[in-house]
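Worksheet for the structure shown next.
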Amino acid sequence: MKRPRHLSPEERDLWDRVARTAKPLEERSGSRLTDRPPPGGKSEPDTTTPVSPFRVGEKIDHSGDHDLLPSLSDQLGQAPLAMDRKTHGKLKRGKLRPEARLDLHGMTLAQAHPELMSFILSSQAAGRRLVLVITGKGKHRDTGDPIPTRLGVLRHQVPQWLRMPPLGPVVLQVSEAHARHGGYGAFYVYLRRRG
């Protein structure tokens with residue numbers, strides 16, 4: 001067994017100086033040391049936000065107290081406008097008619113991705129400007145997993161694919177379709193002119 005090493009007087013002096021500058025986190029009684037004023041006599045102002053009492057059944061306002069990802073509709077609505085404002089207004093009101101459409105209903109992600117790429121690239125090559133991509137709204141499936149699965153996997157993945165190469169440089173704007181063209185379960189894809 002190793003014998004304990006004793007500190008020299010210089011080491012003990014150094015240790016005592018360091019120990020005087022250390023601040024304990026909590027006392028054994030459980031009261032916080034930050035509640036007492038520091039040795040200088042002045043205490044810092046309390047910057048903690050008081051918690052209001054809560055009663056069972058009471059509703060809570062959760063606005064602004066979370067950092068959840070905005071909904072897909074909000075993300076698309078907040079995207080900067082890259083196309084003509086007047087044309088975009090007609091598009092949102094369903095006044096423009098898509099020149100072609102792709103229905104991805106029932107496809108897996110592995111099946112839908114190459115279909116989407118082929119459709120968008122061939123549409124631009126054919127000189128089309130506005131196409132409709134139908135993803136569907138998604139089916140609600142309760143798999144019993146502790147982490148909920150996202151409703152409408154294709155619906156959430158398609159806008160991401162449309163922003164990434166090779167489709168990103170071809171796509172000018174993506175918007176949710178008007179109700180007459182599928183609404184929540186479809187997207188207008190406005191393509192750039194051929195260069």
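As shown in the structure tokens, the chain order sets the letters A, B, ...; within each chain, residues go from 1, and ligands are also counted from 1 in the order they appear.
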
Could you give me, as a ChimeraX atom specification, the residues within 7 Å of Leu154 of chain A, counting only C-alpha atoms and dropping anything in the same chain fewer than 4 positions from it? /A:109,135,158

I want to know what sits within 10 Å of Lys137 of chain A, based on only C-alpha atoms, with residues of the same chain fewer than 4 positions away left out; could you give that as a compact mmCIF listing (two decimals) with N, CA and C atoms, in the first residue's frame?
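To be explicit, this is the file written out as out14.txt:
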```
# COMPACT_ATOMS: atom_id res chain seq x y z
N HIS A 105 -47.52 9.60 -55.02
CA HIS A 105 -48.31 8.82 -54.05
C HIS A 105 -47.86 7.36 -54.01
N LEU A 151 -45.36 12.84 -39.98
CA LEU A 151 -46.48 12.63 -40.88
C LEU A 151 -46.10 13.14 -42.26
N GLY A 152 -46.22 12.30 -43.27
CA GLY A 152 -45.92 12.71 -44.64
C GLY A 152 -44.44 12.80 -44.91
N VAL A 153 -43.76 11.67 -44.94
CA VAL A 153 -42.31 11.66 -45.14
C VAL A 153 -41.95 12.27 -46.50
N LEU A 154 -42.66 11.89 -47.55
CA LEU A 154 -42.38 12.45 -48.88
C LEU A 154 -42.66 13.95 -48.90
N ARG A 155 -43.74 14.35 -48.27
CA ARG A 155 -44.10 15.76 -48.24
C ARG A 155 -42.98 16.61 -47.62
N HIS A 156 -42.29 16.08 -46.64
CA HIS A 156 -41.20 16.82 -46.01
C HIS A 156 -39.88 16.69 -46.76
N GLY A 182 -54.44 20.40 -55.30
CA GLY A 182 -53.97 19.41 -54.32
C GLY A 182 -53.67 19.98 -52.94
N GLY A 183 -53.60 21.31 -52.83
CA GLY A 183 -53.41 21.96 -51.53
C GLY A 183 -52.22 21.45 -50.75
N TYR A 184 -52.49 21.08 -49.53
CA TYR A 184 -51.47 20.65 -48.57
C TYR A 184 -50.64 19.47 -49.05
N GLY A 185 -51.17 18.66 -49.94
CA GLY A 185 -50.47 17.45 -50.40
C GLY A 185 -49.75 17.61 -51.72
N ALA A 186 -49.51 18.85 -52.17
CA ALA A 186 -48.84 19.06 -53.46
C ALA A 186 -48.03 20.36 -53.42
```

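Excluding Lys86 of chain A and any residue on its chain fewer than 5 positions from it, the residues at most 12 Å away by only C-alpha atoms are A:Leu81, A:Leu91, A:Lys92, A:Arg93, A:Lys95, A:Leu96.
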
Just how far from atom CA of Tyr190 of chain A is atom CA of Glu176 of chain A, in Å to one decimal?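 Interatomic distance here is 11.3 Å.
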
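With only C-alpha atoms as the atoms that count, the minimum distance from Pro166 of chain A to the choices A:Gln75, A:Thr87, A:Ser118, A:Ser8 is reached by A:Ser118.
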
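Across the model, the gap from atom CA of Val131 of chain A to atom CA of Leu191 of chain A is 7.9 Å.
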
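Among the candidates A:Pro114, A:Arg193, A:Pro80, A:Arg55, the one nearest to Arg129 of chain A when counting only C-alpha atoms is A:Arg193.
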
Do a neighbour search on Val174 of chain A at 8 Å with only C-alpha atoms, toss out local chain neighbours closer than 2 positions, and write the hits as a ChimeraX atom specification. /A:76,159,162,171-172,176,187-190
